[in-house]
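See below for entry04.cif, which holds mmCIF, C-alpha atoms.
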```
data_target
#
loop_
_atom_site.label_atom_id
_atom_site.label_comp_id
_atom_site.auth_asym_id
_atom_site.auth_seq_id
_atom_site.Cartn_x
_atom_site.Cartn_y
_atom_site.Cartn_z
CA MET F 2 0.00 0.00 0.00
CA SER F 3 1.49 3.36 -0.99
CA ALA F 4 1.59 6.21 1.48
CA GLN F 5 -0.95 8.94 0.99
CA GLU F 6 0.49 11.92 -0.84
CA PRO F 7 0.48 15.18 1.13
CA SER F 8 -2.03 17.84 0.17
CA THR F 9 -0.70 20.89 -1.64
CA VAL F 10 -1.92 24.43 -2.10
CA ARG F 11 -0.76 27.12 -4.54
CA LEU F 12 -0.83 30.73 -3.41
CA SER F 13 -0.30 33.98 -5.30
CA VAL F 14 -1.27 37.61 -4.83
CA THR F 15 -1.61 40.64 -7.09
CA GLU F 16 -2.36 44.28 -6.33
CA PRO F 17 -4.16 45.75 -9.36
CA ALA F 18 -2.86 49.22 -10.13
CA GLY F 19 -5.08 52.02 -8.88
CA GLU F 20 -7.57 49.74 -7.16
CA GLY F 21 -5.98 49.55 -3.72
CA TYR F 22 -6.97 45.96 -2.94
CA ALA F 23 -4.96 42.74 -2.86
CA LEU F 24 -6.28 39.74 -4.78
CA ALA F 25 -5.02 36.42 -3.41
CA ARG F 26 -5.59 33.37 -5.60
CA LEU F 27 -5.75 30.03 -3.79
CA ALA F 28 -5.63 26.70 -5.61
CA GLY F 29 -5.21 23.08 -4.56
CA VAL F 30 -6.71 21.46 -1.48
CA LEU F 31 -7.72 23.12 1.78
CA ASP F 32 -7.46 20.58 4.58
CA ILE F 33 -5.73 20.12 7.92
CA GLN F 34 -2.31 19.93 6.20
CA THR F 35 -2.62 23.10 4.14
CA TYR F 36 -4.62 25.13 6.70
CA PRO F 37 -1.48 26.75 8.25
CA ALA F 38 -0.06 27.75 4.86
CA VAL F 39 -3.34 29.39 3.77
CA ARG F 40 -3.73 31.15 7.13
CA ASP F 41 -0.19 32.52 7.21
CA TYR F 42 -0.25 33.58 3.57
CA LEU F 43 -3.47 35.58 3.93
CA LEU F 44 -2.17 37.24 7.11
CA LYS F 45 1.02 38.23 5.32
CA CYS F 46 -1.02 39.67 2.45
CA ALA F 47 -2.87 41.83 4.96
CA THR F 48 0.33 43.23 6.50
CA ALA F 49 1.12 45.02 3.22
CA GLY F 50 -1.78 47.34 4.04
CA PRO F 51 -4.17 47.04 1.08
CA ASP F 52 -7.60 48.66 1.32
CA ALA F 53 -9.16 45.20 1.16
CA LEU F 54 -8.12 41.56 0.85
CA ILE F 55 -10.03 39.47 -1.67
CA ALA F 56 -9.37 35.72 -1.74
CA ASP F 57 -10.29 33.91 -4.96
CA VAL F 58 -10.99 30.31 -3.91
CA THR F 59 -12.39 29.13 -7.25
CA GLY F 60 -9.42 26.80 -7.70
CA LEU F 61 -9.49 25.54 -4.12
CA ARG F 62 -11.08 22.21 -3.19
CA LEU F 63 -12.85 22.21 0.17
CA PRO F 64 -13.17 18.58 1.29
CA CYS F 65 -12.79 19.35 5.01
CA HIS F 66 -15.50 21.50 6.58
CA ARG F 67 -13.43 22.32 9.67
CA SER F 68 -10.56 23.66 7.54
CA MET F 69 -12.86 26.30 6.08
CA LEU F 70 -12.66 27.99 9.49
CA VAL F 71 -9.35 29.42 8.28
CA PHE F 72 -11.28 32.28 6.67
CA PRO F 73 -13.09 33.55 9.82
CA HIS F 74 -9.83 32.91 11.69
CA VAL F 75 -8.00 35.31 9.38
CA TRP F 76 -10.89 37.78 9.55
CA MET F 77 -10.68 37.82 13.35
CA ARG F 78 -6.92 38.45 13.17
CA ILE F 79 -7.13 41.39 10.74
CA VAL F 80 -10.34 43.07 11.92
CA ASN F 81 -8.44 45.18 14.48
CA TRP F 82 -5.30 45.59 12.39
CA PRO F 83 -4.90 46.48 9.64
CA GLY F 84 -8.68 46.88 9.90
CA ILE F 85 -9.44 45.86 6.33
CA PRO F 86 -12.28 43.72 4.99
CA LEU F 87 -11.73 40.13 3.89
CA VAL F 88 -14.06 38.77 1.21
CA LEU F 89 -14.10 35.54 -0.79
CA LEU F 90 -15.04 34.98 -4.39
CA THR F 91 -15.74 31.77 -6.26
CA ARG F 92 -17.49 31.10 -9.53
CA ARG F 93 -18.79 27.75 -8.29
CA ASP F 94 -22.32 27.72 -6.86
CA THR F 95 -21.53 24.57 -4.87
CA ASP F 96 -18.70 26.37 -3.04
CA ARG F 97 -20.91 29.32 -2.11
CA ARG F 98 -23.60 27.00 -0.78
CA LEU F 99 -21.00 25.04 1.17
CA LEU F 100 -19.47 28.18 2.71
CA SER F 101 -22.92 29.45 3.60
CA ALA F 102 -24.06 26.14 5.11
CA ASN F 103 -20.97 26.10 7.35
CA LEU F 104 -21.60 29.71 8.46
CA ILE F 105 -18.37 30.96 6.89
CA SER F 106 -20.26 33.58 4.89
CA ARG F 107 -21.67 34.94 8.14
CA PHE F 108 -18.22 36.38 8.91
CA VAL F 109 -16.57 36.53 5.48
CA PRO F 110 -18.88 37.53 2.59
CA THR F 111 -18.66 35.37 -0.52
CA TYR F 112 -19.31 36.64 -4.05
CA ARG F 113 -19.61 35.17 -7.54
CA ASN F 114 -17.09 37.44 -9.28
CA LEU F 115 -14.58 40.22 -8.71
CA GLU F 116 -16.90 42.98 -9.89
CA THR F 117 -19.54 42.10 -7.29
CA ALA F 118 -16.91 41.82 -4.58
CA LEU F 119 -15.51 45.26 -5.43
CA ASP F 120 -19.00 46.79 -5.40
CA SER F 121 -19.41 45.55 -1.83
CA LEU F 122 -16.28 47.50 -0.81
CA ASP F 123 -17.44 50.88 -2.08
CA ARG F 124 -18.84 51.77 1.35
CA SER F 125 -15.52 51.24 3.11
CA PRO F 126 -14.55 54.47 4.88
CA PRO F 127 -11.43 56.30 3.67
CA HIS F 128 -8.25 56.15 5.68
CA ARG F 129 -5.06 58.10 6.03
CA ARG F 130 -1.56 56.67 6.03
CA SER F 131 1.91 58.03 6.70
CA THR F 132 5.13 56.03 6.40
CA VAL F 133 8.72 56.90 7.28
CA ARG F 134 11.84 54.78 6.86
CA LEU F 135 14.29 54.85 9.78
CA LEU F 136 17.86 53.63 9.50
CA TRP F 137 19.32 51.58 12.32
CA PHE F 138 20.53 54.39 14.59
CA PRO F 139 19.55 54.70 18.29
CA GLU F 140 18.89 58.42 17.74
CA ASN F 141 16.07 57.60 15.37
CA SER F 142 13.63 57.00 18.22
CA GLY F 143 13.61 60.78 18.60
CA ARG F 144 12.89 61.20 14.91
CA ALA F 145 10.03 58.72 15.28
CA ARG F 146 8.51 60.79 18.09
CA ARG F 147 8.72 63.99 16.07
CA HIS F 148 7.16 62.29 13.06
CA VAL F 149 4.24 60.94 15.12
CA ARG F 150 3.55 64.37 16.66
CA ALA F 151 3.61 66.08 13.28
CA VAL F 152 1.35 63.54 11.60
CA CYS F 153 -1.15 63.45 14.48
CA ALA F 154 -1.30 67.24 14.49
CA ASN F 155 -1.99 67.23 10.74
CA TRP F 156 -4.73 64.66 11.31
CA GLN F 157 -6.16 66.81 14.14
CA GLN F 158 -6.00 64.10 16.78
CA PRO F 159 -6.80 64.85 20.45
CA GLY F 160 -3.89 65.54 22.75
CA THR F 161 -4.33 62.34 24.77
CA VAL F 162 -4.28 60.25 21.60
CA VAL F 163 -1.15 62.03 20.41
CA GLU F 164 0.68 61.35 23.67
CA ASP F 165 -0.34 57.70 23.66
CA ALA F 166 0.76 57.34 20.02
CA VAL F 167 4.13 58.92 20.82
CA ILE F 168 4.67 56.54 23.74
CA VAL F 169 3.69 53.49 21.70
CA ALA F 170 5.84 54.51 18.73
CA THR F 171 8.80 55.10 21.03
CA GLU F 172 8.47 51.69 22.66
CA LEU F 173 8.01 49.81 19.38
CA VAL F 174 10.86 51.60 17.60
CA GLU F 175 13.27 51.25 20.52
CA ASN F 176 12.28 47.60 20.90
CA ALA F 177 13.19 47.02 17.24
CA LEU F 178 16.44 48.96 17.57
CA ARG F 179 17.37 47.01 20.69
CA HIS F 180 16.60 43.51 19.43
CA THR F 181 17.36 43.68 15.70
CA CYS F 182 20.02 45.03 13.35
CA SER F 183 17.42 45.98 10.78
CA ASP F 184 16.33 49.29 9.33
CA ILE F 185 12.79 50.12 10.37
CA GLU F 186 9.62 51.34 8.73
CA LEU F 187 7.20 53.27 10.94
CA ARG F 188 3.66 53.38 9.59
CA LEU F 189 0.74 55.39 11.00
CA GLU F 190 -2.82 54.77 9.81
CA LEU F 191 -6.10 56.41 10.73
CA ARG F 192 -9.15 54.34 9.85
CA ARG F 193 -12.63 54.11 11.38
CA ASN F 194 -11.58 56.25 14.36
CA ARG F 195 -8.67 53.95 15.07
CA LEU F 196 -5.08 55.12 15.00
CA THR F 197 -2.58 52.36 14.28
CA VAL F 198 1.12 52.54 15.02
CA ALA F 199 3.05 49.80 13.20
CA VAL F 200 6.79 49.12 13.07
CA TYR F 201 8.20 46.86 10.35
CA ASP F 202 11.65 45.25 10.48
CA ASP F 203 13.50 42.48 8.64
CA ASP F 204 14.01 40.19 11.66
CA PRO F 205 11.63 37.19 11.74
CA SER F 206 11.90 36.71 15.53
CA PRO F 207 8.48 37.46 17.04
CA ALA F 208 8.04 40.24 19.57
CA VAL F 209 7.43 38.81 23.04
CA LEU F 210 5.71 40.50 25.98
CA THR F 211 8.04 40.18 28.97
CA GLU F 212 8.64 41.95 32.25
CA GLN F 213 11.50 44.43 31.86
CA ASN F 214 13.33 46.94 34.01
CA PRO F 215 12.51 50.45 32.73
CA ARG F 216 15.79 51.75 34.18
CA THR F 217 17.90 49.50 32.01
CA SER F 218 15.82 48.34 29.05
CA GLY F 219 12.65 50.41 28.93
CA PHE F 220 9.13 49.14 29.32
CA GLY F 221 9.30 46.87 26.28
CA LEU F 222 5.80 45.97 25.15
CA LEU F 223 4.18 46.27 28.59
CA LEU F 224 3.24 49.92 28.17
CA THR F 225 2.07 49.31 24.62
CA ALA F 226 -0.20 46.49 25.80
CA ARG F 227 -1.72 48.73 28.47
CA LEU F 228 -2.35 51.72 26.21
CA ALA F 229 -3.57 49.91 23.10
CA LYS F 230 -7.01 48.52 22.42
CA ALA F 231 -5.28 45.68 20.58
CA TRP F 232 -1.71 44.85 19.59
CA GLY F 233 0.12 42.01 17.91
CA CYS F 234 3.05 40.76 15.88
CA THR F 235 2.59 39.39 12.35
CA PRO F 236 5.10 37.95 9.83
CA THR F 237 5.53 39.85 6.57
CA MET F 238 6.03 38.69 3.00
CA ASN F 239 9.74 39.62 2.98
CA GLY F 240 10.51 37.29 5.90
CA GLY F 241 10.45 39.97 8.58
CA LYS F 242 7.67 41.05 10.92
CA VAL F 243 5.45 43.96 11.87
CA VAL F 244 4.57 44.84 15.46
CA TRP F 245 1.41 46.94 15.62
CA ALA F 246 -0.84 48.61 18.16
CA VAL F 247 -4.32 50.10 17.75
CA LEU F 248 -5.40 53.19 19.71
CA LEU F 249 -8.99 54.34 19.93
CA THR F 250 -9.62 57.93 18.89
CA GLY F 251 -13.35 57.64 19.64
CA GLU F 252 -16.04 54.97 19.61
CA HIS F 253 -17.38 53.96 16.21
CA PRO F 254 -20.24 51.56 15.33
CA GLY F 255 -17.89 49.51 13.14
CA TRP F 256 -15.36 48.87 15.90
CA ALA F 257 -14.88 45.22 16.69
CA HIS F 258 -14.08 44.89 20.38
CA ALA F 259 -11.39 42.41 21.27
#
```
Step by step, read the file and then write its structure as structure tokens.
Amino acid sequence: MSAQEPSTVRLSVTEPAGEGYALARLAGVLDIQTYPAVRDYLLKCATAGPDALIADVTGLRLPCHRSMLVFPHVWMRIVNWPGIPLVLLTRRDTDRRLLSANLISRFVPTYRNLETALDSLDRSPPHRRSTVRLLWFPENSGRARRHVRAVCANWQQPGTVVEDAVIVATELVENALRHTCSDIELRLELRRNRLTVAVYDDDPSPAVLTEQNPRTSGFGLLLTARLAKAWGCTPTMNGGKVVWAVLLTGEHPGWAHA
């Protein structure tokens, strides 16, 4: 008797010019073996910061009902950050019925074609984004603080939000400078009354919340965790990671509480 061949899945993503969304095409088999690859790939697609993530599952076989939970799993991970919608599209009626019967469509809408999926995104609120690249110099934490203050002032954010954003940016940038040898990208985003502070680096080691001595090594992620509504660490497509934190600038009906 020959051993059963492992399941495979093919993954690719495109970002159509001028549209602002990422289109991920999934093909192969979605089961317990390929679940992690699909999950991680979609999360990495989201870290690039598109306006929406659309997953085309037309070429994906769905023999395992439990594995379809990967889609609401990803939705739950990206609803706070980067705060973008995840939608599915498939041209097969049987797939849409299957996703609906297993309650997947209750969390992640499913559409017949790309045009219909894009029409559903027209009501997404606009957002602002500012990005600055920081070379690996300890002095650049000061530059990060000045950048955050200037951007928040331009976006007319309340003083308390500005101070929290400055503290979070300082901790995340200094944490990256302390634990990596990588240049850093600091990204600020304002979407749905949520201000996100995100720091990208090229080191794959995940950020870990630990007790630290503020006299010798700062507060680490402790202060970030206390100030933020939500925070996390996600791998990126280039093999690095992004550490992000979401600050509330005011309640909004679309906010998904953690």
Open item on the list: Given the PyMOL selection byres ((chain F and resi 128) around 12) and the file above, list the residues it selects as a ChimeraX atom specification.
Closed with: /F:21,50-53,83-85,125-127,129-131,156,189-197
TODO: May I have the residues within 8 Å of F:Pro73 as a VMD selection string, using only C-alpha atoms and disregarding those fewer than 2 positions away in the same chain?
DONE: chain F and resid 70 to 71 75 to 77 105 108 to 109
TODO: Tell me which protein, DNA and RNA residues are within 10 Å of F:Asp204, counting all atoms listed in the file, leaving out same-chain ones fewer than 2 positions away, and put them as a PyMOL selection string.
DONE: chain F and resi 177+180-184+201-202+206-208+236-237+239-243
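The smallest atom-to-atom distance between F:Arg98 and any of F:Ala23, F:Leu63, F:Leu12, F:Val39, using all atoms listed in the file, is found for F:Leu63.
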Task: Computed interatomic separation between atom CA of F:Leu104 and atom CA of F:Ala49 (Å) - done: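 So the answer is 27.9 Å.
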Task: Using all atoms listed in the file: which of F:Pro7, F:Gly160, F:Gly233, F:Val152 has the shortest distance to F:Leu173 - done: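 Closest candidate: F:Gly233.
With only C-alpha atoms as the atoms that count, the residue of F:Ser68, F:Thr250, F:Thr48, F:Thr9 with the shortest distance to F:Pro159 is F:Thr250.
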Open item on the list: If I take atom CA of F:Val133 and atom CA of F:Arg40, how far is one from the other in Å, to one decimal?
Closed with: 28.6 Å
